[in-house]
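Participant: What follows is model02.txt, compact mmCIF, C-alpha atoms and all ligand atoms.
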# COMPACT_ATOMS: atom_id res chain seq x y z
CA MET A 1 -105.06 101.78 24.77
CA PRO A 2 -105.85 105.51 24.23
CA SER A 3 -107.83 107.08 27.09
CA ASP A 4 -110.79 108.26 24.99
CA PRO A 5 -112.24 105.38 22.99
CA SER A 6 -114.67 107.67 21.14
CA THR A 7 -111.86 109.32 19.22
CA SER A 8 -109.87 106.19 18.49
CA LEU A 9 -110.33 102.80 16.91
CA LEU A 10 -111.65 104.24 13.66
CA ASN A 11 -111.00 101.22 11.52
CA ARG A 12 -111.05 100.16 7.93
CA ALA A 13 -112.95 97.03 6.93
CA SER A 14 -110.82 93.89 7.23
CA PRO A 15 -110.88 91.82 4.04
CA GLY A 16 -112.13 88.28 4.60
CA HIS A 17 -113.54 89.02 8.07
CA ARG A 18 -117.16 88.05 8.62
CA TYR A 19 -119.12 89.82 11.38
CA ASP A 20 -122.18 88.53 13.16
CA VAL A 21 -123.86 91.92 12.87
CA ALA A 22 -123.01 94.91 10.66
CA ILE A 23 -124.79 98.16 11.48
CA LEU A 24 -124.97 100.71 8.67
CA GLY A 25 -125.07 104.30 9.98
CA GLY A 26 -123.66 105.43 13.32
CA GLY A 27 -126.02 108.18 14.48
CA ILE A 28 -128.09 107.74 17.62
CA MET A 29 -130.04 104.80 16.16
CA GLY A 30 -127.00 102.89 14.91
CA SER A 31 -124.94 103.58 18.02
CA SER A 32 -127.78 102.61 20.37
CA THR A 33 -128.28 99.40 18.35
CA ALA A 34 -124.55 98.65 18.55
CA TYR A 35 -124.57 99.14 22.33
CA PHE A 36 -127.62 96.96 22.92
CA VAL A 37 -126.54 94.13 20.59
CA LYS A 38 -123.17 93.99 22.30
CA SER A 39 -124.50 94.24 25.84
CA LEU A 40 -127.30 91.68 25.33
CA PHE A 41 -125.08 89.32 23.34
CA PRO A 42 -121.50 89.96 24.51
CA ALA A 43 -120.00 87.17 22.39
CA SER A 44 -121.28 88.70 19.15
CA ASP A 45 -118.83 90.22 16.69
CA VAL A 46 -120.31 93.60 15.74
CA CYS A 47 -119.20 96.37 13.41
CA LEU A 48 -120.74 99.72 12.58
CA VAL A 49 -120.08 101.65 9.37
CA GLU A 50 -120.26 105.45 9.66
CA PRO A 51 -118.59 107.79 7.15
CA ASP A 52 -118.47 110.91 9.29
CA PRO A 53 -117.26 110.83 12.90
CA THR A 54 -118.09 114.55 13.17
CA TYR A 55 -121.76 113.84 12.29
CA ALA A 56 -121.89 117.12 10.38
CA LEU A 57 -125.23 116.44 8.67
CA ALA A 58 -126.66 113.75 10.95
CA SER A 59 -130.13 114.46 12.29
CA THR A 60 -129.09 113.54 15.80
CA LEU A 61 -126.82 116.55 16.28
CA ARG A 62 -129.51 118.90 15.02
CA ALA A 63 -132.25 117.66 17.34
CA SER A 64 -133.87 119.73 20.02
CA GLY A 65 -133.44 117.05 22.68
CA GLY A 66 -137.07 116.67 23.77
CA VAL A 67 -138.14 113.50 25.62
CA ARG A 68 -141.83 112.93 26.35
CA VAL A 69 -144.44 110.31 27.05
CA LEU A 70 -147.16 112.41 25.39
CA PHE A 71 -148.16 110.03 22.60
CA SER A 72 -151.29 108.12 21.60
CA CYS A 73 -149.87 104.73 20.49
CA PRO A 74 -149.10 102.44 23.44
CA GLU A 75 -145.84 101.46 21.76
CA ASN A 76 -144.64 105.07 21.65
CA ILE A 77 -145.68 105.72 25.26
CA GLU A 78 -143.84 102.61 26.46
CA MET A 79 -140.78 103.33 24.35
CA SER A 80 -140.65 106.81 25.88
CA LYS A 81 -140.99 105.47 29.41
CA PHE A 82 -138.09 103.08 28.97
CA SER A 83 -135.94 105.61 27.10
CA ARG A 84 -136.62 108.41 29.58
CA ASP A 85 -135.52 106.30 32.54
CA PHE A 86 -132.54 105.10 30.56
CA ILE A 87 -131.52 108.68 29.68
CA LYS A 88 -131.90 109.84 33.29
CA ALA A 89 -129.53 107.07 34.44
CA PHE A 90 -127.28 107.46 31.38
CA PRO A 91 -124.33 109.37 32.93
CA THR A 92 -123.48 106.50 35.29
CA THR A 93 -124.83 103.50 33.33
CA MET A 94 -122.80 104.48 30.30
CA ALA A 95 -119.65 105.60 32.12
CA VAL A 96 -116.46 104.29 30.56
CA ALA A 97 -113.23 103.83 32.51
CA GLY A 98 -114.62 105.80 35.44
CA ARG A 99 -115.65 108.71 33.24
CA ASP A 100 -119.34 109.69 33.30
CA ALA A 101 -121.37 110.12 30.10
CA PRO A 102 -123.07 113.52 30.65
CA VAL A 103 -126.33 114.26 28.82
CA ASP A 104 -127.40 117.46 30.65
CA TRP A 105 -130.87 116.14 31.49
CA VAL A 106 -133.39 118.87 32.43
CA ASN A 107 -136.55 117.59 34.12
CA GLY A 108 -138.49 120.58 32.82
CA GLY A 109 -141.76 118.81 31.91
CA TYR A 110 -143.74 118.87 28.67
CA LEU A 111 -146.99 120.68 27.92
CA PHE A 112 -149.32 119.97 24.97
CA ILE A 113 -151.98 122.63 24.43
CA VAL A 114 -154.96 122.32 22.09
CA PRO A 115 -157.98 124.32 20.90
CA PRO A 116 -161.52 123.11 21.77
CA ALA A 117 -161.83 121.16 18.48
CA HIS A 118 -158.97 118.86 19.53
CA MET A 119 -160.13 118.21 23.08
CA GLY A 120 -161.57 114.76 22.33
CA LEU A 121 -158.21 113.58 21.05
CA LEU A 122 -156.27 115.20 23.88
CA GLU A 123 -158.54 113.54 26.46
CA ALA A 124 -158.30 110.13 24.79
CA ASN A 125 -154.50 110.42 24.71
CA PHE A 126 -154.45 111.62 28.33
CA GLU A 127 -156.42 108.54 29.39
CA ALA A 128 -154.07 106.27 27.44
CA GLN A 129 -151.08 107.93 29.10
CA GLN A 130 -152.66 107.46 32.55
CA ARG A 131 -153.37 103.78 31.81
CA HIS A 132 -149.67 103.40 31.08
CA GLY A 133 -148.76 104.91 34.46
CA CYS A 134 -147.47 108.25 33.15
CA GLU A 135 -147.28 111.26 35.48
CA VAL A 136 -149.66 113.52 33.55
CA GLU A 137 -152.10 116.19 34.67
CA PHE A 138 -154.96 117.71 32.75
CA LEU A 139 -155.12 121.51 32.88
CA ALA A 140 -158.24 123.49 31.89
CA PRO A 141 -157.64 127.00 30.46
CA GLU A 142 -157.99 128.64 33.92
CA ALA A 143 -155.49 126.21 35.42
CA LEU A 144 -153.11 126.83 32.51
CA LYS A 145 -153.38 130.56 33.14
CA ALA A 146 -152.78 130.16 36.85
CA ARG A 147 -149.70 127.99 36.22
CA PHE A 148 -148.29 129.96 33.27
CA PRO A 149 -149.53 133.58 33.61
CA SER A 150 -147.95 134.74 30.34
CA MET A 151 -149.95 132.28 28.27
CA GLU A 152 -152.87 133.43 26.11
CA VAL A 153 -155.55 130.83 26.83
CA SER A 154 -158.75 132.36 25.44
CA ASP A 155 -158.70 130.15 22.33
CA LEU A 156 -157.61 126.96 24.14
CA GLY A 157 -159.66 123.97 25.26
CA GLY A 158 -156.99 122.68 27.62
CA GLY A 159 -153.61 121.09 27.97
CA VAL A 160 -151.80 118.07 29.32
CA HIS A 161 -148.71 118.57 31.43
CA SER A 162 -146.26 115.73 31.80
CA THR A 163 -144.17 116.48 34.85
CA GLN A 164 -141.37 113.91 34.52
CA ASP A 165 -140.50 114.64 30.90
CA GLY A 166 -137.81 117.02 29.76
CA TRP A 167 -134.88 117.39 27.43
CA CYS A 168 -131.22 116.49 27.08
CA ASP A 169 -128.16 117.09 24.95
CA PRO A 170 -128.46 114.89 21.81
CA ASN A 171 -124.71 115.01 21.18
CA GLY A 172 -123.98 113.82 24.71
CA LEU A 173 -126.38 110.92 24.21
CA LEU A 174 -124.85 109.93 20.88
CA GLN A 175 -121.25 110.20 22.11
CA GLY A 176 -122.12 108.21 25.24
CA PHE A 177 -123.61 105.34 23.23
CA ARG A 178 -120.71 105.40 20.81
CA ARG A 179 -118.03 105.43 23.50
CA LYS A 180 -119.69 102.61 25.41
CA ALA A 181 -120.25 100.49 22.30
CA ILE A 182 -116.58 100.83 21.37
CA ALA A 183 -115.54 100.02 24.93
CA LEU A 184 -117.64 96.84 24.76
CA GLY A 185 -115.85 95.80 21.58
CA VAL A 186 -117.88 97.14 18.65
CA THR A 187 -115.67 98.01 15.66
CA TYR A 188 -116.52 101.43 14.21
CA ILE A 189 -115.50 101.52 10.54
CA GLU A 190 -115.03 105.02 9.13
CA ASP A 191 -116.45 104.58 5.63
CA ARG A 192 -119.58 104.91 3.54
CA VAL A 193 -121.73 102.06 2.25
CA THR A 194 -121.97 102.40 -1.51
CA THR A 195 -123.59 99.15 -2.65
CA LEU A 196 -125.54 96.37 -1.01
CA VAL A 197 -125.14 92.95 -2.59
CA ARG A 198 -127.87 90.34 -2.18
CA ASP A 199 -128.70 86.91 -3.42
CA ASP A 200 -132.16 85.46 -3.61
CA ARG A 201 -133.07 85.51 0.10
CA ARG A 202 -130.20 87.17 1.93
CA LEU A 203 -128.06 90.25 1.98
CA ARG A 204 -124.51 89.09 1.40
CA LYS A 205 -122.29 92.12 1.77
CA ALA A 206 -122.00 95.87 1.90
CA GLU A 207 -119.46 97.44 -0.42
CA LEU A 208 -117.75 100.47 1.08
CA ALA A 209 -116.34 103.55 -0.65
CA ALA A 210 -112.76 103.36 0.60
CA SER A 211 -112.38 99.85 2.01
CA GLY A 212 -114.38 96.71 2.24
CA PRO A 213 -116.52 94.87 1.48
CA VAL A 214 -118.13 94.12 4.85
CA GLU A 215 -119.64 90.65 5.19
CA ALA A 216 -122.00 89.72 8.01
CA ASP A 217 -124.77 87.34 9.00
CA VAL A 218 -127.10 90.21 9.80
CA PHE A 219 -127.24 93.83 8.57
CA VAL A 220 -129.09 96.75 10.16
CA ASN A 221 -129.93 99.83 8.13
CA ALA A 222 -129.73 102.73 10.61
CA THR A 223 -128.98 105.50 8.15
CA GLY A 224 -131.94 107.69 9.13
CA ALA A 225 -132.94 110.17 6.41
CA TRP A 226 -130.69 108.24 4.01
CA SER A 227 -132.21 104.83 4.79
CA ALA A 228 -134.57 104.61 1.79
CA GLN A 229 -131.62 105.01 -0.58
CA LEU A 230 -129.98 101.87 0.75
CA CYS A 231 -133.24 99.93 0.77
CA GLU A 232 -133.91 100.91 -2.82
CA GLN A 233 -130.70 99.16 -3.86
CA VAL A 234 -132.09 95.81 -2.75
CA GLY A 235 -135.60 96.39 -4.07
CA MET A 236 -137.15 97.05 -0.65
CA PRO A 237 -139.64 99.93 -0.76
CA LEU A 238 -139.24 102.18 2.27
CA PRO A 239 -141.58 105.18 2.60
CA VAL A 240 -139.03 107.30 4.49
CA SER A 241 -138.16 110.75 3.14
CA PRO A 242 -135.82 113.52 4.24
CA LEU A 243 -137.97 116.37 5.61
CA ARG A 244 -136.14 119.61 6.37
CA ARG A 245 -136.90 121.28 9.67
CA PHE A 246 -135.53 124.49 11.16
CA GLU A 247 -134.48 124.88 14.75
CA HIS A 248 -133.87 128.36 16.21
CA TYR A 249 -132.13 129.74 19.25
CA PHE A 250 -133.95 132.86 20.41
CA THR A 251 -134.38 135.10 23.42
CA CYS A 252 -137.66 136.45 24.76
CA GLY A 253 -136.86 140.13 25.24
CA ASN A 254 -139.18 140.42 28.27
CA PRO A 255 -139.36 138.68 31.63
CA ILE A 256 -141.29 135.41 31.47
CA GLU A 257 -141.98 132.61 33.93
CA ARG A 258 -140.21 129.24 33.65
CA LEU A 259 -141.90 127.16 30.97
CA PRO A 260 -141.89 123.43 30.21
CA TYR A 261 -141.34 122.13 26.66
CA VAL A 262 -144.45 123.64 25.04
CA LYS A 263 -146.08 122.14 21.96
CA ASP A 264 -149.32 122.96 20.11
CA VAL A 265 -151.37 121.50 17.25
CA ASP A 266 -149.78 123.86 14.71
CA ARG A 267 -146.52 122.13 15.63
CA LEU A 268 -144.99 125.11 17.40
CA ALA A 269 -142.55 123.54 19.86
CA PHE A 270 -139.95 125.16 22.11
CA ARG A 271 -138.11 124.82 25.40
CA SER A 272 -135.71 126.88 27.44
CA GLU A 273 -132.01 126.74 26.65
CA GLY A 274 -129.59 128.69 28.84
CA ALA A 275 -130.67 132.33 28.88
CA GLY A 276 -132.98 131.79 25.91
CA PHE A 277 -135.03 129.18 24.08
CA SER A 278 -134.60 126.52 21.42
CA GLY A 279 -137.46 125.50 19.16
CA GLY A 280 -139.30 125.87 15.90
CA LEU A 281 -142.46 125.18 13.98
CA VAL A 282 -142.53 122.11 11.73
CA ASP A 283 -143.78 122.66 8.18
CA GLY A 284 -145.16 119.25 7.17
CA ASP A 285 -145.67 120.52 3.59
CA GLU A 286 -141.97 121.19 3.15
CA PRO A 287 -140.80 119.60 -0.14
CA ARG A 288 -138.94 116.36 0.59
CA GLY A 289 -135.24 116.13 -0.19
CA PHE A 290 -131.70 116.56 1.08
CA ASN A 291 -131.94 120.29 1.50
CA PHE A 292 -129.94 121.88 4.32
CA ASP A 293 -130.38 125.50 3.18
CA VAL A 294 -131.43 127.86 5.95
CA ASP A 295 -134.30 130.29 5.45
CA HIS A 296 -133.31 133.14 7.75
CA GLU A 297 -136.73 134.76 7.36
CA TYR A 298 -138.59 131.68 8.64
CA PHE A 299 -138.42 132.63 12.30
CA GLU A 300 -139.80 136.10 11.77
CA ARG A 301 -142.38 135.00 9.20
CA VAL A 302 -143.71 131.82 10.83
CA VAL A 303 -142.37 131.12 14.31
CA TRP A 304 -142.40 134.54 15.91
CA PRO A 305 -146.11 135.34 15.18
CA ALA A 306 -147.15 131.98 16.65
CA LEU A 307 -144.96 132.50 19.72
CA ALA A 308 -146.09 136.06 20.34
CA GLN A 309 -149.76 135.15 19.91
CA ARG A 310 -149.48 132.41 22.53
CA PHE A 311 -147.08 134.20 24.90
CA PRO A 312 -147.23 138.01 24.42
CA PRO A 313 -143.85 138.59 26.19
CA PHE A 314 -142.29 137.07 23.03
CA GLU A 315 -143.41 140.21 21.10
CA SER A 316 -139.81 141.36 21.58
CA ALA A 317 -138.23 137.99 20.76
CA LYS A 318 -134.95 137.95 18.89
CA CYS A 319 -133.66 135.03 16.85
CA HIS A 320 -129.91 134.55 17.27
CA ARG A 321 -129.30 131.43 15.21
CA THR A 322 -131.21 129.15 12.83
CA TRP A 323 -130.06 125.74 11.67
CA SER A 324 -131.66 123.06 9.53
CA GLY A 325 -131.82 119.32 9.93
CA LEU A 326 -133.69 116.39 8.44
CA TYR A 327 -136.51 114.33 9.87
CA GLU A 328 -136.47 110.73 8.61
CA GLN A 329 -140.18 111.07 7.89
CA CYS A 330 -142.31 107.92 7.56
CA GLU A 331 -144.78 108.98 4.90
CA LEU A 332 -147.18 106.12 5.64
CA ASP A 333 -148.11 107.07 9.20
CA GLY A 334 -145.41 109.07 11.03
CA ASN A 335 -144.36 106.05 13.05
CA PRO A 336 -141.05 104.17 13.04
CA ILE A 337 -140.25 101.04 11.09
CA ILE A 338 -138.43 98.51 13.25
CA GLY A 339 -137.96 95.06 11.83
CA ASN A 340 -136.91 93.00 8.84
CA TRP A 341 -138.22 92.13 5.43
CA ARG A 342 -139.26 88.51 4.95
CA ARG A 343 -137.90 88.54 1.39
CA LEU A 344 -134.43 89.41 2.68
CA SER A 345 -134.61 88.03 6.17
CA ASN A 346 -131.18 89.10 7.45
CA PHE A 347 -131.73 92.78 6.58
CA TYR A 348 -133.23 94.92 9.36
CA VAL A 349 -134.32 98.55 9.37
CA VAL A 350 -134.64 100.93 12.31
CA THR A 351 -135.80 104.23 10.89
CA GLY A 352 -138.75 106.50 10.14
CA PHE A 353 -139.02 108.07 13.59
CA SER A 354 -140.50 111.26 12.10
CA GLY A 355 -139.27 113.68 14.76
CA HIS A 356 -138.93 111.42 17.82
CA GLY A 357 -135.86 109.36 17.07
CA MET A 358 -133.58 110.81 19.68
CA MET A 359 -135.98 110.11 22.53
CA HIS A 360 -136.81 106.62 21.26
CA ALA A 361 -133.28 105.52 20.41
CA PRO A 362 -132.65 103.56 23.64
CA ALA A 363 -135.90 101.57 23.30
CA ALA A 364 -135.45 101.09 19.55
CA GLY A 365 -131.86 99.91 19.92
CA ARG A 366 -132.90 97.38 22.54
CA ALA A 367 -135.84 96.23 20.41
CA ILE A 368 -133.82 95.59 17.27
CA ALA A 369 -131.14 93.80 19.32
CA GLU A 370 -133.82 91.48 20.75
CA LEU A 371 -135.24 90.84 17.32
CA ILE A 372 -131.83 89.93 15.94
CA GLY A 373 -130.71 87.82 18.90
CA HIS A 374 -133.97 86.20 20.02
CA GLY A 375 -136.01 86.34 16.82
CA GLU A 376 -138.74 88.26 18.67
CA PHE A 377 -139.36 91.35 20.78
CA ARG A 378 -138.92 90.39 24.43
CA THR A 379 -139.44 93.49 26.57
CA LEU A 380 -141.82 95.63 24.47
CA ASP A 381 -144.10 94.25 21.81
CA LEU A 382 -143.35 96.44 18.79
CA ASP A 383 -144.80 94.10 16.15
CA ARG A 384 -147.15 96.83 14.95
CA PHE A 385 -144.09 98.93 14.05
CA GLY A 386 -142.72 96.12 11.86
CA TYR A 387 -142.18 96.18 8.11
CA GLU A 388 -145.32 94.09 7.47
CA ARG A 389 -147.57 97.16 7.70
CA ILE A 390 -145.48 98.86 5.03
CA GLU A 391 -145.81 95.89 2.68
CA ALA A 392 -149.54 95.71 3.38
CA GLY A 393 -149.92 99.50 2.99
CA LYS A 394 -151.76 99.63 6.34
CA PRO A 395 -150.96 102.78 8.32
CA TYR A 396 -150.71 102.65 12.10
CA PRO A 397 -150.74 106.39 12.82
CA GLU A 398 -149.61 108.25 15.88
CA ARG A 399 -152.45 110.57 16.93
CA GLY A 400 -150.64 112.61 19.54
CA ILE A 401 -149.26 115.92 18.34
CA VAL A 402 -146.22 114.87 16.27
C1 LIG B 1 -134.47 120.14 13.95
C2 LIG B 1 -134.75 118.77 14.53
C3 LIG B 1 -135.23 118.67 15.84
C4 LIG B 1 -135.49 117.41 16.37
N1 LIG B 1 -135.90 117.35 17.67
C5 LIG B 1 -136.09 116.12 18.25
C6 LIG B 1 -136.46 116.03 19.61
O1 LIG B 1 -136.67 117.04 20.28
N2 LIG B 1 -136.61 114.79 20.15
C7 LIG B 1 -136.40 113.66 19.42
O2 LIG B 1 -136.56 112.56 19.95
N3 LIG B 1 -136.03 113.72 18.12
C8 LIG B 1 -135.87 114.92 17.52
N4 LIG B 1 -135.52 115.00 16.21
C9 LIG B 1 -135.43 113.73 15.42
C10 LIG B 1 -134.11 113.02 15.68
O3 LIG B 1 -133.05 113.93 15.52
C11 LIG B 1 -133.96 111.86 14.68
O4 LIG B 1 -135.14 111.07 14.69
C12 LIG B 1 -132.77 110.97 15.06
O5 LIG B 1 -131.62 111.74 15.28
C13 LIG B 1 -132.51 109.95 13.96
O6 LIG B 1 -131.33 109.26 14.29
P1 LIG B 1 -130.60 108.35 13.20
O7 LIG B 1 -129.44 107.74 13.87
O8 LIG B 1 -131.61 107.47 12.55
O9 LIG B 1 -130.17 109.38 12.06
P2 LIG B 1 -128.82 110.26 11.93
O10 LIG B 1 -128.48 110.92 13.21
O11 LIG B 1 -129.03 111.14 10.75
O12 LIG B 1 -127.72 109.19 11.63
C14 LIG B 1 -127.68 108.51 10.40
C15 LIG B 1 -126.23 108.29 10.07
O13 LIG B 1 -126.16 107.49 8.88
C16 LIG B 1 -125.00 107.88 8.20
N5 LIG B 1 -125.08 107.45 6.80
C17 LIG B 1 -125.82 108.00 5.79
N6 LIG B 1 -125.60 107.33 4.64
C18 LIG B 1 -124.75 106.33 4.93
C19 LIG B 1 -124.16 105.30 4.16
N7 LIG B 1 -124.40 105.18 2.84
N8 LIG B 1 -123.31 104.44 4.76
C20 LIG B 1 -123.06 104.54 6.09
N9 LIG B 1 -123.59 105.51 6.87
C21 LIG B 1 -124.43 106.38 6.29
C22 LIG B 1 -124.94 109.38 8.35
O14 LIG B 1 -123.60 109.86 8.19
C23 LIG B 1 -125.47 109.58 9.76
O15 LIG B 1 -124.45 109.76 10.72
C24 LIG B 1 -135.25 116.23 15.62
C25 LIG B 1 -134.76 116.35 14.32
C26 LIG B 1 -134.51 117.58 13.77
C27 LIG B 1 -133.98 117.68 12.37
So that I can check it, write out the structure of this file as structure tokens.

Facilitator:
Amino acid sequence: MPSDPSTSLLNRASPGHRYDVAILGGGIMGSSTAYFVKSLFPASDVCLVEPDPTYALASTLRASGGVRVLFSCPENIEMSKFSRDFIKAFPTTMAVAGRDAPVDWVNGGYLFIVPPAHMGLLEANFEAQQRHGCEVEFLAPEALKARFPSMEVSDLGGGVHSTQDGWCDPNGLLQGFRRKAIALGVTYIEDRVTTLVRDDRRLRKAELAASGPVEADVFVNATGAWSAQLCEQVGMPLPVSPLRRFEHYFTCGNPIERLPYVKDVDRLAFRSEGAGFSGGLVDGDEPRGFNFDVDHEYFERVVWPALAQRFPPFESAKCHRTWSGLYEQCELDGNPIIGNWRRLSNFYVVTGFSGHGMMHAPAAGRAIAELIGHGEFRTLDLDRFGYERIEAGKPYPERGIV
């Protein structure tokens, strides 16, 4: 057997073979699902279909790596708690053949800052986070200034600092899940799903571009920003759109104290990265679509003024690189969709994470594995994230800063 399972065993579909579970899409969500299905149900026969082992356009490789418990919905807080612990232990838990699975975890903390008008919401979220046992501290403007002297606080009502949060390397996380899933016996098929074939109540097979078809008892759509396209083929409405977001690597240009991952209500978000910083400012009004073009003026026009207003040392900031990636944006409420559709009961979706999919991938993978294997969520009750709310058109919104 080759020594590095992540670069081997790229298979074609085997005609006539029927899997227990076929996972469509092999980014962080698909690979986490593959790992959890196989580790919770070792006897299951699992395949995963992913066209691009380099993940050139996948959202996962473009993510900023942030992991935080700063949410309003109990489900999101609990998913973060599980995922954060899982990521911290990842290098050893996910080791394969004595080789660690590094994810470069930085326990740098997270800081949400808000103007006075948002204080009610910040306080309500803070209380929810405390009820869930999170290590959070409330900081009034004077305390923020004392802790982070470079910060302009005159227009702020306060902030919440989460000391055990941080960030990691998204590629390390993805490769670790993938390597471990393959080591446990998951078959990674290098191909693209072109057509889903259903009968009245069940999904029968997935036709692939170069090989196939793949037949299975259960299918999981984990194709992220592309997930609505596959659902559309079987008549399942999925309000998930590709939303372009820029990420920038920049340097400050002046000395500045060590900062946590900082986020504000205008959706400015950044963290340190080596000698500089990685971050951006999400434009929620961005036209939806598969657009990877990079606007090289965006940093100077939008991000830099916001940065320099909040932290004056960034007046001399310099942007070194900008890249674009896609959020799999849930247009109904900004929360994930984890579950199946009663009209096609063996077809599951795990998508719509709207900017927090990397951090929630461990919890989401475990949840969908439980749903498939046990018919119910066992460790975290995620029923409110199910597909029923989509069918009913009833939003369950996340009210933290997203
Ligand atoms: C700039 C940016 C910053 C972000 N920062 C953070 C962050 O700090 N923290 C955080 O938690 N999240 C962050 N996110 C969000 C996070 O990256 C996503 O939520 C997460 O990566 C989604 O994972 P996924 O596996 O669903 O999607 P992807 O990683 O996109 O994987 C989907 C896979 O499906 C495959 N696929 C597509 N079509 C087909 C098909 N027809 N057949 C088979 N396979 C197919 C694709 O090739 C792809 O590999 C960020 C996203 C962006 C863009």

Participant: Please provide as a PyMOL selection string all residues within 10 Å of Arg288 (chain A), with the sequence filter that same-chain residues fewer than 6 positions apart are discarded (counting all atoms listed in the file).

Facilitator: chain A and resi 240-244+326-327+329

Participant: For Cys168 (chain A), work out the shell of residues within 6 Å, counting all atoms listed in the file and skipping chain neighbours fewer than 3 positions away, then give it as an NGL selection string.

Facilitator: :A and (65 or 103-105)

Participant: Need to verify the contact set: Val302 (chain A), 12 Å, all atoms listed in the file, exclusion of same-chain residues closer than 3 positions in sequence. Can you return it as a list in words?

Facilitator: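 Contacts, in chain order: Phe246, His248, Asp266, Arg267, Leu268, Gly280, Leu281, Val282, Asp283, Asp295, His296, Glu297, Tyr298, Phe299, Pro305, Ala306, Leu307, Ala308 and Gln309 of chain A.
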
Participant: Check every protein, DNA and RNA residue against ligand LIG 1 (chain B), keep those with an atom at most 7 Å away (counting only C-alpha atoms and all ligand atoms), and present them as a PyMOL selection string.

Facilitator: chain A and resi 24-30+49-52+55+57-67+191-194+222-226+230+244-247+324-328+351+353-360

Participant: Could you please determine the separation between CA of Phe177 (chain A) and CA of Ala34 (chain A) in Å, to one decimal place?

Facilitator: 8.2 Å

Participant: With a distance cut-off of 10 Å and all atoms listed in the file, select the neighbouring residues of Val265 (chain A), excluding the residue or stretch itself and same-chain residues fewer than 3 positions from it, and output the selection as a ChimeraX atom specification.

Facilitator: /A:112-115,118,268-269,400-402

Participant: Between CA of Pro255 (chain A) and CA of Asn107 (chain A), what distance in Å does the model show, to one decimal?

Facilitator: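 CA of Asn107 (chain A) lies 21.4 Å from CA of Pro255 (chain A).
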
Participant: Can I get region 195-205 of chain A with N, CA, C and O atoms filled in, as a PDB file, in the frame of the given file?

Facilitator:
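Wrote it out as selection-v1.pdb, contents follow:
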ATOM      1  N   THR A 195    -122.750 100.139  -1.951  1.00  0.00           N
ATOM      2  CA  THR A 195    -123.590  99.150  -2.650  1.00  0.00           C
ATOM      3  C   THR A 195    -123.915  97.989  -1.714  1.00  0.00           C
ATOM      4  O   THR A 195    -123.043  97.493  -0.999  1.00  0.00           O
ATOM      5  N   LEU A 196    -125.146  97.580  -1.731  1.00  0.00           N
ATOM      6  CA  LEU A 196    -125.540  96.370  -1.010  1.00  0.00           C
ATOM      7  C   LEU A 196    -125.688  95.242  -2.016  1.00  0.00           C
ATOM      8  O   LEU A 196    -126.311  95.414  -3.064  1.00  0.00           O
ATOM      9  N   VAL A 197    -125.111  94.097  -1.673  1.00  0.00           N
ATOM     10  CA  VAL A 197    -125.140  92.950  -2.590  1.00  0.00           C
ATOM     11  C   VAL A 197    -125.973  91.847  -1.970  1.00  0.00           C
ATOM     12  O   VAL A 197    -125.696  91.412  -0.849  1.00  0.00           O
ATOM     13  N   ARG A 198    -126.986  91.384  -2.697  1.00  0.00           N
ATOM     14  CA  ARG A 198    -127.870  90.340  -2.180  1.00  0.00           C
ATOM     15  C   ARG A 198    -127.870  89.128  -3.091  1.00  0.00           C
ATOM     16  O   ARG A 198    -127.455  89.211  -4.251  1.00  0.00           O
ATOM     17  N   ASP A 199    -128.311  88.004  -2.532  1.00  0.00           N
ATOM     18  CA  ASP A 199    -128.700  86.910  -3.420  1.00  0.00           C
ATOM     19  C   ASP A 199    -130.205  86.760  -3.286  1.00  0.00           C
ATOM     20  O   ASP A 199    -130.890  87.704  -2.874  1.00  0.00           O
ATOM     21  N   ASP A 200    -130.711  85.607  -3.557  1.00  0.00           N
ATOM     22  CA  ASP A 200    -132.160  85.460  -3.610  1.00  0.00           C
ATOM     23  C   ASP A 200    -132.856  85.866  -2.307  1.00  0.00           C
ATOM     24  O   ASP A 200    -133.804  86.645  -2.294  1.00  0.00           O
ATOM     25  N   ARG A 201    -132.369  85.331  -1.181  1.00  0.00           N
ATOM     26  CA  ARG A 201    -133.070  85.510   0.100  1.00  0.00           C
ATOM     27  C   ARG A 201    -132.293  86.303   1.140  1.00  0.00           C
ATOM     28  O   ARG A 201    -132.837  86.614   2.181  1.00  0.00           O
ATOM     29  N   ARG A 202    -131.012  86.562   0.867  1.00  0.00           N
ATOM     30  CA  ARG A 202    -130.200  87.170   1.930  1.00  0.00           C
ATOM     31  C   ARG A 202    -129.322  88.289   1.396  1.00  0.00           C
ATOM     32  O   ARG A 202    -128.939  88.306   0.225  1.00  0.00           O
ATOM     33  N   LEU A 203    -129.032  89.217   2.318  1.00  0.00           N
ATOM     34  CA  LEU A 203    -128.060  90.250   1.980  1.00  0.00           C
ATOM     35  C   LEU A 203    -126.684  89.668   2.241  1.00  0.00           C
ATOM     36  O   LEU A 203    -126.428  89.123   3.325  1.00  0.00           O
ATOM     37  N   ARG A 204    -125.807  89.748   1.249  1.00  0.00           N
ATOM     38  CA  ARG A 204    -124.510  89.090   1.400  1.00  0.00           C
ATOM     39  C   ARG A 204    -123.441  90.040   1.919  1.00  0.00           C
ATOM     40  O   ARG A 204    -122.667  89.707   2.799  1.00  0.00           O
ATOM     41  N   LYS A 205    -123.363  91.217   1.324  1.00  0.00           N
ATOM     42  CA  LYS A 205    -122.290  92.120   1.770  1.00  0.00           C
ATOM     43  C   LYS A 205    -122.624  93.569   1.465  1.00  0.00           C
ATOM     44  O   LYS A 205    -123.515  93.856   0.649  1.00  0.00           O
TER      45      LYS A 205
END
